[in-house]
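Enquirer: Here you go, my_file-v2.txt (compact mmCIF, C-alpha atoms):
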# COMPACT_ATOMS: atom_id res chain seq x y z
CA MET R 1 18.22 46.14 32.94
CA LYS R 2 16.79 44.91 36.22
CA LYS R 3 14.98 41.57 36.09
CA TYR R 4 11.20 42.01 36.09
CA ALA R 5 10.75 39.66 39.04
CA GLU R 6 12.96 41.98 41.12
CA MET R 7 11.11 45.20 40.20
CA THR R 8 8.78 47.02 42.54
CA LYS R 9 5.22 47.76 41.49
CA GLU R 10 6.16 51.35 40.71
CA GLU R 11 9.10 50.25 38.56
CA LEU R 12 6.90 47.80 36.64
CA ILE R 13 4.28 50.48 35.99
CA ALA R 14 6.96 52.84 34.66
CA GLU R 15 8.41 50.05 32.52
CA ARG R 16 5.01 49.20 31.09
CA GLU R 17 4.30 52.84 30.22
CA ALA R 18 7.61 53.16 28.37
CA LEU R 19 6.95 49.90 26.51
CA LEU R 20 3.42 50.98 25.53
CA LYS R 21 4.75 54.22 24.03
CA ARG R 22 7.22 52.24 21.90
CA TYR R 23 4.54 49.67 21.04
CA ASN R 24 2.09 52.35 19.88
CA ASP R 25 4.77 53.83 17.64
CA PHE R 26 5.01 50.43 15.93
CA LYS R 27 1.21 50.20 15.65
CA ASP R 28 1.11 53.56 13.92
CA MET R 29 3.34 52.14 11.14
CA GLY R 30 0.43 50.05 9.81
CA LEU R 31 2.55 46.94 9.30
CA ASN R 32 1.53 43.54 7.93
CA LEU R 33 4.35 41.08 8.69
CA ASP R 34 4.01 37.28 8.61
CA MET R 35 5.97 34.91 10.86
CA SER R 36 3.19 32.34 11.08
CA ARG R 37 4.42 29.40 8.96
CA GLY R 38 7.74 27.99 7.84
CA LYS R 39 7.41 29.17 4.27
CA PRO R 40 10.55 29.68 2.19
CA GLY R 41 11.02 33.26 1.09
CA LYS R 42 10.94 34.36 -2.55
CA ASP R 43 14.73 34.46 -2.74
CA GLN R 44 14.82 30.81 -1.66
CA LEU R 45 12.22 29.80 -4.23
CA ASP R 46 14.20 31.59 -6.91
CA LEU R 47 17.14 29.24 -6.25
CA SER R 48 15.24 26.37 -7.92
CA MET R 49 13.87 27.97 -11.07
CA ASP R 50 16.29 25.98 -13.23
CA LEU R 51 14.34 22.90 -12.16
CA LEU R 52 11.78 23.86 -14.80
CA LYS R 53 14.15 23.79 -17.76
CA TYR R 54 14.30 19.98 -18.09
CA ASN R 55 11.93 18.50 -20.66
CA ASN R 56 13.40 15.20 -21.88
CA TYR R 57 11.29 12.75 -19.91
CA ILE R 58 12.83 9.46 -21.03
CA GLU R 59 14.74 7.28 -18.55
CA ASP R 60 16.11 3.84 -19.46
CA GLY R 61 13.87 3.88 -22.54
CA ILE R 62 10.73 4.52 -20.49
CA ASP R 63 8.49 7.49 -21.26
CA LEU R 64 7.98 9.06 -17.83
CA ARG R 65 4.98 11.04 -19.06
CA ASN R 66 2.91 7.87 -19.08
CA TYR R 67 1.38 5.55 -16.48
CA GLY R 68 3.42 3.16 -14.37
CA ILE R 69 6.33 2.78 -11.91
CA LEU R 70 4.24 2.86 -8.76
CA ASP R 71 7.07 3.38 -6.25
CA GLY R 72 9.03 6.00 -8.21
CA ILE R 73 11.67 6.10 -10.94
CA PRO R 74 14.93 4.28 -10.05
CA SER R 75 17.21 7.33 -10.31
CA CYS R 76 15.08 9.35 -7.90
CA LYS R 77 14.70 6.42 -5.50
CA LYS R 78 18.49 6.18 -5.43
CA LEU R 79 18.78 9.92 -4.77
CA PHE R 80 16.55 9.65 -1.69
CA ALA R 81 18.13 6.36 -0.62
CA ASP R 82 21.53 8.04 -0.61
CA LEU R 83 20.10 11.04 1.24
CA LEU R 84 18.57 8.88 4.00
CA ASP R 85 21.31 6.21 3.91
CA VAL R 86 19.05 3.24 3.17
CA GLU R 87 18.71 0.83 0.25
CA PRO R 88 16.67 1.98 -2.79
CA LYS R 89 14.34 -1.00 -2.31
CA ASN R 90 13.32 0.53 1.01
CA ILE R 91 12.23 3.83 -0.56
CA LEU R 92 8.80 4.77 -1.87
CA LEU R 93 8.35 8.10 -3.63
CA GLY R 94 5.12 9.95 -3.01
CA PRO R 95 3.23 13.13 -3.91
CA ASN R 96 4.39 16.70 -3.42
CA ALA R 97 4.41 16.71 0.40
CA SER R 98 5.39 14.30 3.16
CA LEU R 99 2.27 15.42 5.04
CA SER R 100 0.23 13.45 2.48
CA ILE R 101 2.35 10.33 3.05
CA MET R 102 1.85 10.58 6.81
CA PHE R 103 -1.89 11.11 6.49
CA ASP R 104 -2.24 8.19 4.07
CA TYR R 105 -0.24 5.89 6.33
CA LEU R 106 -2.42 6.71 9.33
CA ALA R 107 -5.52 6.21 7.17
CA GLN R 108 -4.23 2.79 6.11
CA ALA R 109 -3.55 1.78 9.72
CA TYR R 110 -6.95 3.11 10.75
CA SER R 111 -8.92 1.22 8.11
CA HIS R 112 -6.84 -1.91 7.47
CA GLY R 113 -4.31 -2.19 10.28
CA VAL R 114 -0.54 -2.49 10.06
CA CYS R 115 1.01 -5.53 8.38
CA GLY R 116 -2.06 -7.63 9.07
CA SER R 117 -2.93 -6.26 12.52
CA THR R 118 -6.42 -5.33 13.68
CA PRO R 119 -7.58 -2.07 12.04
CA TRP R 120 -7.13 0.76 14.50
CA ASN R 121 -10.69 1.88 13.85
CA ASP R 122 -11.85 -1.35 15.51
CA ILE R 123 -9.91 -0.62 18.69
CA PRO R 124 -11.45 1.94 21.07
CA ASP R 125 -9.40 4.69 22.68
CA ILE R 126 -6.10 4.23 20.85
CA LYS R 127 -3.34 6.73 21.61
CA PHE R 128 -0.25 8.34 20.11
CA LEU R 129 2.73 9.86 21.87
CA CYS R 130 3.51 13.47 20.96
CA PRO R 131 6.77 15.13 21.99
CA VAL R 132 5.94 18.71 23.00
CA PRO R 133 6.30 21.39 21.96
CA GLY R 134 5.77 19.81 18.55
CA TYR R 135 4.45 20.14 15.01
CA ASP R 136 0.83 21.23 14.78
CA ARG R 137 0.19 19.34 11.52
CA HIS R 138 1.00 16.04 13.26
CA PHE R 139 -1.55 16.88 15.91
CA THR R 140 -4.15 17.82 13.29
CA ILE R 141 -3.82 14.41 11.59
CA LEU R 142 -4.24 12.55 14.88
CA GLU R 143 -7.22 14.67 15.89
CA TYR R 144 -8.85 13.98 12.51
CA PHE R 145 -8.69 10.23 13.21
CA ASN R 146 -9.83 10.76 16.80
CA ILE R 147 -6.58 9.30 18.15
CA LYS R 148 -5.91 10.49 21.69
CA MET R 149 -2.67 12.42 22.01
CA ILE R 150 -0.37 12.08 25.02
CA ASN R 151 2.17 14.79 25.72
CA VAL R 152 5.80 13.76 26.15
CA PRO R 153 8.06 16.61 27.32
CA MET R 154 11.11 17.41 25.22
CA LYS R 155 14.49 17.52 26.94
CA SER R 156 17.71 19.06 25.63
CA ASP R 157 18.62 15.87 23.71
CA GLY R 158 15.18 14.66 22.61
CA PRO R 159 11.93 13.42 24.15
CA ASP R 160 11.76 12.19 27.74
CA MET R 161 12.65 8.55 27.17
CA ASP R 162 11.82 7.45 30.72
CA LYS R 163 8.25 8.61 30.17
CA ILE R 164 8.05 7.00 26.71
CA GLU R 165 9.33 3.67 28.03
CA GLU R 166 6.62 3.76 30.69
CA LEU R 167 3.78 4.84 28.38
CA ILE R 168 4.39 2.15 25.75
CA LYS R 169 3.50 -0.53 28.30
CA ASP R 170 -0.10 0.35 27.40
CA GLU R 171 -1.13 -1.67 24.32
CA LYS R 172 -3.54 1.13 23.33
CA VAL R 173 -0.49 3.29 22.58
CA LYS R 174 -0.03 2.67 18.85
CA GLY R 175 2.73 5.04 17.88
CA MET R 176 4.56 8.32 18.07
CA PHE R 177 5.10 11.30 15.77
CA CYS R 178 8.46 13.05 16.01
CA VAL R 179 10.88 15.35 14.18
CA PRO R 180 14.28 13.92 15.16
CA LYS R 181 16.58 16.50 13.56
CA TYR R 182 16.11 20.21 14.27
CA SER R 183 12.79 19.43 15.91
CA ASN R 184 9.82 21.63 15.10
CA PRO R 185 9.82 24.10 16.81
CA GLN R 186 12.80 23.88 19.20
CA GLY R 187 15.55 22.93 16.76
CA ILE R 188 16.75 20.03 18.94
CA THR R 189 18.51 17.07 17.33
CA TYR R 190 18.06 13.74 19.11
CA SER R 191 21.26 12.44 20.70
CA ASP R 192 22.71 9.04 19.77
CA GLU R 193 21.58 7.74 23.15
CA VAL R 194 17.99 8.86 22.58
CA VAL R 195 17.92 7.35 19.07
CA ARG R 196 19.22 4.04 20.45
CA ARG R 197 16.67 4.04 23.26
CA ILE R 198 13.92 4.68 20.72
CA ALA R 199 15.23 1.85 18.53
CA ALA R 200 15.26 -0.47 21.57
CA LEU R 201 11.65 0.19 22.63
CA LYS R 202 9.52 -2.85 23.44
CA PRO R 203 5.96 -1.58 23.12
CA ALA R 204 3.02 -3.70 24.27
CA ALA R 205 1.34 -3.03 20.92
CA GLU R 206 2.90 -5.18 18.19
CA ASP R 207 1.65 -2.69 15.58
CA PHE R 208 3.33 0.28 17.27
CA ARG R 209 4.76 2.63 14.63
CA ILE R 210 6.97 5.68 14.93
CA ILE R 211 6.50 8.31 12.22
CA TRP R 212 10.08 9.59 11.93
CA ASP R 213 9.46 12.93 10.20
CA ASN R 214 12.98 13.83 9.06
CA ALA R 215 11.82 17.07 7.45
CA TYR R 216 15.06 18.97 8.08
CA CYS R 217 17.60 16.26 7.30
CA VAL R 218 19.84 18.64 5.30
CA HIS R 219 18.55 22.00 6.48
CA GLU R 220 21.65 23.34 8.22
CA LEU R 221 22.19 26.99 9.05
CA TYR R 222 25.94 26.63 9.62
CA ASP R 223 28.74 24.53 8.16
CA GLU R 224 28.99 22.70 11.47
CA GLY R 225 25.46 21.36 11.82
CA ASP R 226 24.04 18.58 13.97
CA THR R 227 24.43 14.89 13.15
CA LEU R 228 21.52 12.49 13.61
CA LEU R 229 22.21 8.80 14.10
CA ASN R 230 20.51 6.78 11.33
CA ILE R 231 17.86 4.87 13.22
CA PHE R 232 17.74 2.17 10.54
CA ASP R 233 21.34 1.33 11.42
CA VAL R 234 20.32 0.35 14.96
CA LEU R 235 16.73 -0.94 14.74
CA GLY R 236 18.00 -4.38 13.74
CA ASP R 237 20.08 -4.60 16.92
CA TYR R 238 16.83 -4.88 18.86
CA GLY R 239 14.65 -6.79 16.37
CA ASN R 240 12.62 -3.66 15.63
CA GLU R 241 13.15 -3.30 11.87
CA ASP R 242 9.43 -2.72 11.27
CA MET R 243 8.86 -0.09 13.98
CA VAL R 244 9.84 3.09 12.10
CA ILE R 245 8.33 4.83 9.08
CA GLU R 246 10.64 7.65 7.99
CA VAL R 247 9.46 10.48 5.75
CA CYS R 248 11.06 13.51 4.13
CA SER R 249 10.51 15.76 1.14
CA THR R 250 12.01 18.43 -1.08
CA SER R 251 9.37 20.93 0.09
CA LYS R 252 11.94 23.24 1.66
CA MET R 253 14.65 22.38 -0.87
CA THR R 254 12.88 23.36 -4.10
CA PHE R 255 9.18 24.27 -4.31
CA PRO R 256 6.83 23.47 -1.38
CA GLY R 257 3.82 23.16 -3.67
CA ALA R 258 5.60 21.11 -6.31
CA GLY R 259 8.17 18.96 -4.57
CA ILE R 260 8.66 15.23 -4.02
CA SER R 261 8.04 13.27 -0.85
CA ALA R 262 9.69 10.01 0.12
CA LEU R 263 9.11 7.25 2.62
CA ALA R 264 11.77 4.89 3.97
CA ALA R 265 10.80 1.69 5.75
CA SER R 266 11.51 -2.01 6.20
CA ASP R 267 10.75 -4.62 3.56
CA ASN R 268 7.59 -5.67 5.43
CA ASN R 269 6.30 -2.12 5.71
CA ILE R 270 7.09 -1.33 2.08
CA ALA R 271 5.17 -4.40 0.91
CA ASP R 272 2.24 -3.47 3.16
CA ILE R 273 2.11 0.09 1.83
CA LYS R 274 2.42 -1.05 -1.80
CA ARG R 275 -0.71 -3.18 -1.41
CA ARG R 276 -2.60 -0.01 -0.56
CA LEU R 277 -0.89 2.07 -3.25
CA ASN R 278 -1.93 -0.44 -5.91
CA CYS R 279 -5.50 0.59 -5.14
CA GLN R 280 -4.79 4.27 -4.59
CA THR R 281 -2.74 5.35 -7.60
CA ILE R 282 -1.01 4.24 -10.78
CA SER R 283 2.01 6.41 -10.03
CA TYR R 284 2.97 9.80 -8.67
CA ASP R 285 4.55 12.57 -10.71
CA LYS R 286 7.49 10.87 -12.44
CA MET R 287 8.21 13.95 -14.55
CA ASN R 288 8.84 15.91 -11.37
CA GLN R 289 10.97 13.10 -9.99
CA TYR R 290 13.09 13.22 -13.14
CA ARG R 291 13.42 17.02 -12.99
CA HIS R 292 14.69 16.81 -9.41
CA VAL R 293 17.27 14.17 -10.30
CA LYS R 294 18.56 16.28 -13.18
CA PHE R 295 18.57 19.43 -11.04
CA PHE R 296 20.39 17.96 -8.03
CA GLY R 297 22.46 15.25 -9.72
CA ASP R 298 23.32 13.50 -6.46
CA VAL R 299 23.38 14.01 -2.68
CA GLU R 300 26.37 16.32 -2.93
CA GLY R 301 24.30 18.44 -5.29
CA ILE R 302 21.55 18.60 -2.67
CA LYS R 303 24.02 19.66 0.00
CA ALA R 304 25.51 22.37 -2.24
CA HIS R 305 22.02 23.65 -3.01
CA MET R 306 21.12 23.72 0.70
CA LYS R 307 24.19 25.84 1.44
CA LYS R 308 22.57 28.50 -0.74
CA HIS R 309 19.44 28.23 1.37
CA ALA R 310 21.52 28.52 4.53
CA ALA R 311 23.16 31.72 3.30
CA ILE R 312 19.69 33.25 2.99
CA MET R 313 18.24 31.80 6.20
CA ARG R 314 21.16 32.37 8.57
CA PRO R 315 20.94 36.20 8.70
CA LYS R 316 17.20 35.93 9.38
CA PHE R 317 17.69 33.63 12.36
CA GLU R 318 20.53 35.74 13.64
CA MET R 319 18.41 38.89 13.38
CA VAL R 320 15.68 37.39 15.58
CA ILE R 321 18.18 35.93 18.05
CA LYS R 322 19.92 39.32 18.32
CA HIS R 323 16.73 41.00 19.45
CA LEU R 324 15.84 38.20 21.86
CA GLU R 325 19.30 38.51 23.40
CA ASN R 326 19.21 42.31 23.59
CA GLU R 327 15.65 42.77 24.85
CA LEU R 328 14.56 39.68 26.75
CA LYS R 329 17.63 38.05 28.26
CA THR R 330 18.40 40.69 30.87
CA ARG R 331 14.74 41.01 31.86
CA GLY R 332 14.60 37.34 32.86
CA ILE R 333 11.21 36.71 31.27
CA ALA R 334 11.97 34.30 28.42
CA SER R 335 14.20 31.48 27.22
CA TRP R 336 14.99 29.93 23.85
CA ILE R 337 17.40 27.63 22.02
CA ASN R 338 19.71 28.92 19.29
CA PRO R 339 19.17 26.24 16.60
CA LYS R 340 21.85 25.12 14.17
CA GLY R 341 19.28 24.29 11.52
CA GLY R 342 15.64 23.77 10.70
CA TYR R 343 13.00 26.45 10.23
CA PHE R 344 11.93 27.69 13.64
CA ILE R 345 12.90 29.33 16.90
CA SER R 346 10.96 28.20 19.95
CA LEU R 347 10.42 30.99 22.48
CA ASP R 348 9.24 30.21 26.01
CA VAL R 349 7.93 33.28 27.81
CA MET R 350 6.78 33.63 31.39
CA ASN R 351 3.89 31.29 32.22
CA GLY R 352 0.51 32.73 31.32
CA CYS R 353 1.89 35.28 28.84
CA ALA R 354 2.07 33.61 25.42
CA LYS R 355 -1.52 34.24 24.30
CA ARG R 356 -1.37 37.85 25.41
CA THR R 357 1.88 38.24 23.48
CA GLY R 358 0.21 36.84 20.37
CA GLU R 359 -2.68 39.29 20.73
CA LEU R 360 -0.34 42.25 21.07
CA CYS R 361 1.70 41.18 18.05
CA LYS R 362 -1.42 40.81 15.92
CA GLU R 363 -2.68 44.26 16.90
CA ALA R 364 0.69 45.71 15.85
CA GLY R 365 0.62 43.92 12.48
CA VAL R 366 2.78 40.84 13.15
CA THR R 367 1.20 37.43 12.55
CA LEU R 368 2.64 34.54 14.58
CA THR R 369 1.81 30.85 14.54
CA THR R 370 -1.41 30.52 16.56
CA VAL R 371 -0.32 30.45 20.18
CA GLY R 372 -0.95 27.00 21.63
CA ALA R 373 -0.53 25.25 18.26
CA THR R 374 2.70 23.58 19.40
CA TYR R 375 0.65 21.41 21.78
CA PRO R 376 -2.14 18.91 21.02
CA TYR R 377 -5.63 20.41 21.01
CA PHE R 378 -4.03 23.91 21.13
CA ASN R 379 -3.66 23.40 24.86
CA ASP R 380 -0.32 24.68 26.08
CA PRO R 381 -0.64 23.91 29.80
CA ASN R 382 1.65 26.79 30.77
CA ASP R 383 0.55 29.26 28.07
CA SER R 384 4.24 29.94 27.49
CA ASN R 385 5.40 28.63 24.09
CA ILE R 386 5.60 30.72 20.92
CA ARG R 387 6.86 29.36 17.59
CA ILE R 388 8.79 31.90 15.53
CA ALA R 389 9.10 31.30 11.77
CA PRO R 390 11.77 33.68 10.39
CA SER R 391 11.99 32.31 6.84
CA LEU R 392 9.40 34.28 4.85
CA PRO R 393 9.97 37.99 5.62
CA PRO R 394 13.02 39.80 4.25
CA VAL R 395 15.68 40.63 6.87
CA GLU R 396 14.61 44.29 6.96
CA GLU R 397 11.04 43.31 7.87
CA LEU R 398 12.26 40.73 10.37
CA ASP R 399 14.21 43.46 12.15
CA ILE R 400 10.96 45.29 12.87
CA ALA R 401 8.88 42.15 13.48
CA ALA R 402 11.36 40.84 16.06
CA GLN R 403 11.33 44.18 17.89
CA ILE R 404 7.53 44.13 18.01
CA LEU R 405 7.60 40.56 19.29
CA CYS R 406 10.04 41.46 22.06
CA VAL R 407 8.10 44.57 23.11
CA SER R 408 4.89 42.51 23.16
CA VAL R 409 6.53 39.85 25.35
CA CYS R 410 7.72 42.54 27.75
CA ILE R 411 4.30 44.18 27.98
CA ALA R 412 2.54 40.84 28.53
CA CYS R 413 4.98 39.83 31.27
CA ALA R 414 4.87 43.22 32.99
CA GLU R 415 1.06 43.05 33.00
CA LYS R 416 1.14 39.54 34.45
CA LEU R 417 3.48 40.51 37.26
CA LEU R 418 1.46 43.62 38.08
CA GLU R 419 -1.56 41.37 38.73
CA THR R 420 0.26 39.99 41.77
CA LYS R 421 1.76 43.25 43.11
Show me this structure written as structure tokens.

Expert:
Amino acid sequence: MKKYAEMTKEELIAEREALLKRYNDFKDMGLNLDMSRGKPGKDQLDLSMDLLKYNNYIEDGIDLRNYGILDGIPSCKKLFADLLDVEPKNILLGPNASLSIMFDYLAQAYSHGVCGSTPWNDIPDIKFLCPVPGYDRHFTILEYFNIKMINVPMKSDGPDMDKIEELIKDEKVKGMFCVPKYSNPQGITYSDEVVRRIAALKPAAEDFRIIWDNAYCVHELYDEGDTLLNIFDVLGDYGNEDMVIEVCSTSKMTFPGAGISALAASDNNIADIKRRLNCQTISYDKMNQYRHVKFFGDVEGIKAHMKKHAAIMRPKFEMVIKHLENELKTRGIASWINPKGGYFISLDVMNGCAKRTGELCKEAGVTLTTVGATYPYFNDPNDSNIRIAPSLPPVEELDIAAQILCVSVCIACAEKLLETK
């Protein structure tokens, strides 16, 4: 296939007509396929049904059905401590989703400050750094608190550290959201060098906090996955023990609506958060914590369970990648990264074509993540990024959905080029 940029106007018109015929055939199928969110499929959810069989809620003589144990039951704290490679005393267990932990932490900083600092609500025009493309839910939280978001471009090994090191000289910059392993949506894992440079940051704001959203810490697609340097192993080298708040959850391990979230942080941060929790709750769901401990057993049990997830997810990712390779690569109109884990594929199409691609997909019955959502304020400056979520549809449906996506990309790019011919 000749690259689109090398085609004459007549060749592009002929290409578009052939694509539209194929596209209309898909439209006539009356499809309703969803690749909008990173939802586990039914077969993944079925893997955890045995979680519900446990009903003896006594641990160390304590009835877990009752009030108490604010920071989580010891056995579950140890499970998450082993998973994140920190001490149990530096773990707090939370509600069913890490999104709630992140929102609550920002709310605490906003209303009462961080470890005794000035409440962020009392400081005008505060800012957060946002590696882009990034996770739309992070951006939604920041927008809710009216915190200005600053784009930081992602590179092949993590965010642009030169830019971050320059931006943090501004004391109004109070923090950064990031997904350091299998980043949402690109699937990039931060290199050791990037993790060390983050750990060594010297921000002007003493209450600068990095929300280290380690959502995909064990979400490999292949036996040989990526390795992320434990940032808590290096923060102390630079006197920055308090700078990072790490979160994770079992949302994409067991049940997204009924999982467990966890927070890992320094002694100072844990004490600060506990003061707020003492006012906020008596305890989170200890019965669910107990069920998860019994179900997994230990970290090796988690890893074995996640291999079952990988066996389901891997063919879905490979199906989408196959169509991207077959239909877009030779046309020279798109690029992507083949991730080793996580939940998404990040597709960059020709500038000015992403929204049009999304419209075409929707008309043909394929729902994508809202185009632009991978940037703060839904403002993708190049209108080029599309987040693909392959997890929910069965492989057979993904086969069709990926073809529709590719045809839509081709039509959008052909149309764009014809505007200049």

Enquirer: Using only C-alpha atoms, which residues sit within 6 Å of R:Val299 once same-chain residues fewer than 2 positions away are excluded, as a list in words?

Expert: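 Here the answer would be Leu83, Gly301 and Ile302 of chain R.
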
Enquirer: Considering all atoms listed in the file, can you say which of R:Ala412, R:Leu201, R:Leu12, R:Cys361 comes closest to R:Val349?

Expert: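 Closest to R:Val349 of all the choices is R:Ala412.
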
Enquirer: Show me, as a PyMOL selection string, the residues that have an atom within 12 Å of R:Ile62 when counting all atoms listed in the file, minus same-chain residues fewer than 3 positions from it.

Expert: chain R and resi 56-59+65-69+73-74+286-287+290

Enquirer: Please dump the current selection as a JSON list (two decimals), in the frame of the given file; keep C-alpha atoms.

Expert:
[["chain", "number", "residue", "atom", "x", "y", "z"],
["R", 56, "ASN", "CA", 13.40, 15.20, -21.88],
["R", 57, "TYR", "CA", 11.29, 12.75, -19.91],
["R", 58, "ILE", "CA", 12.83, 9.46, -21.03],
["R", 59, "GLU", "CA", 14.74, 7.28, -18.55],
["R", 65, "ARG", "CA", 4.98, 11.04, -19.06],
["R", 66, "ASN", "CA", 2.91, 7.87, -19.08],
["R", 67, "TYR", "CA", 1.38, 5.55, -16.48],
["R", 68, "GLY", "CA", 3.42, 3.16, -14.37],
["R", 69, "ILE", "CA", 6.33, 2.78, -11.91],
["R", 73, "ILE", "CA", 11.67, 6.10, -10.94],
["R", 74, "PRO", "CA", 14.93, 4.28, -10.05],
["R", 286, "LYS", "CA", 7.49, 10.87, -12.44],
["R", 287, "MET", "CA", 8.21, 13.95, -14.55],
["R", 290, "TYR", "CA", 13.09, 13.22, -13.14]]

Enquirer: Name the closest residue to R:Phe295 among the candidates R:Tyr23, R:Tyr135, R:Tyr54, R:Tyr377; distances are taken between atoms, counting only C-alpha atoms.

Expert: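 Once distances to R:Phe295 are computed over only C-alpha atoms, the minimum belongs to R:Tyr54.
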
Enquirer: Neighbours of R:Lys3 within 12 Å (all atoms listed in the file; same-chain residues fewer than 5 positions away dropped), as a compact mmCIF listing (two decimals) with C-alpha atoms, in the coordinates of the input?

Expert:
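The result, stored in out32.txt:
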# COMPACT_ATOMS: atom_id res chain seq x y z
CA THR R 8 8.78 47.02 42.54
CA GLU R 11 9.10 50.25 38.56
CA LEU R 12 6.90 47.80 36.64
CA GLU R 15 8.41 50.05 32.52
CA GLU R 327 15.65 42.77 24.85
CA LEU R 328 14.56 39.68 26.75
CA LYS R 329 17.63 38.05 28.26
CA THR R 330 18.40 40.69 30.87
CA ARG R 331 14.74 41.01 31.86
CA GLY R 332 14.60 37.34 32.86
CA ILE R 333 11.21 36.71 31.27
CA ALA R 334 11.97 34.30 28.42
CA CYS R 410 7.72 42.54 27.75
CA CYS R 413 4.98 39.83 31.27
CA ALA R 414 4.87 43.22 32.99
CA LEU R 417 3.48 40.51 37.26

Enquirer: Could you check which of R:Met102, R:Ala389, R:Ile150, R:Val218 is closest to R:Lys316, using all atoms listed in the file?

Expert: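 Going through R:Met102, R:Ala389, R:Ile150, R:Val218 one by one, the smallest distance to R:Lys316 is for R:Ala389.
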
Enquirer: Using all atoms listed in the file, which of R:Glu396, R:Asp125, R:Asp348, R:Asp233 sits nearest R:Ile147?

Expert: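 Among the listed residues, the smallest separation from R:Ile147 belongs to R:Asp125.
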
Enquirer: As a list in words, please: the residues near R:Val195 (cut-off 9 Å, only C-alpha atoms, same-chain neighbours under 6 positions excluded).

Expert: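 So the residues in contact are Gly158, Pro180, Leu228, Leu229, Asn230, Ile231 and Val234 of chain R.
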
Enquirer: Atom CA of R:Tyr284 to atom CA of R:Phe139: how many Å, to one decimal?

Expert: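 Those two atoms sit 26.0 Å apart.
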
Enquirer: Compile the contact shell of R:Arg356 as a PyMOL selection string: residues with an atom at most 10 Å away, counting all atoms listed in the file, same-chain residues fewer than 5 positions apart removed.

Expert: chain R and resi 361-362+371+383-384+408-409+411-413+415-416

Enquirer: Can those selected residues be exported to a file as a short mmCIF file (atom, residue, chain, number, x, y, z; two decimals), in the coordinates of the input so that it contains C-alpha atoms?

Expert:
data_model
loop_
_atom_site.label_atom_id
_atom_site.label_comp_id
_atom_site.auth_asym_id
_atom_site.auth_seq_id
_atom_site.Cartn_x
_atom_site.Cartn_y
_atom_site.Cartn_z
CA CYS R 361 1.70 41.18 18.05
CA LYS R 362 -1.42 40.81 15.92
CA VAL R 371 -0.32 30.45 20.18
CA ASP R 383 0.55 29.26 28.07
CA SER R 384 4.24 29.94 27.49
CA SER R 408 4.89 42.51 23.16
CA VAL R 409 6.53 39.85 25.35
CA ILE R 411 4.30 44.18 27.98
CA ALA R 412 2.54 40.84 28.53
CA CYS R 413 4.98 39.83 31.27
CA GLU R 415 1.06 43.05 33.00
CA LYS R 416 1.14 39.54 34.45
#

Enquirer: So, counting only C-alpha atoms, which residue among R:Leu129, R:Ala18, R:Ile388, R:Leu93 is closest to R:Lys163?

Expert: R:Leu129

Enquirer: Name the closest residue to R:Ser156 among the candidates R:Gly113, R:Pro95, R:Gly358, R:Pro339; distances are taken between atoms, counting only C-alpha atoms.

Expert: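 So, comparing all the options, the nearest one is R:Pro339.
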
Enquirer: Could you give me the axis-aligned bounding box of stretch 263-266 of chain R, with 6 Å of padding per side, as centre plus edge lengths in Å to one decimal, as lines of an AutoDock Vina configuration file?

Expert:
center_x = 10.4
center_y = 2.6
center_z = 4.4
size_x = 14.7
size_y = 21.3
size_z = 15.6

Enquirer: By how many Å are atom CA of R:Ser261 and atom CA of R:Gly94 apart?

Expert: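 Between these atoms lies a distance of 4.9 Å.
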
Enquirer: Would you mind reading off the distance between atom CA of R:Met154 and atom CA of R:Phe378, one decimal, in Å?

Expert: 17.0 Å
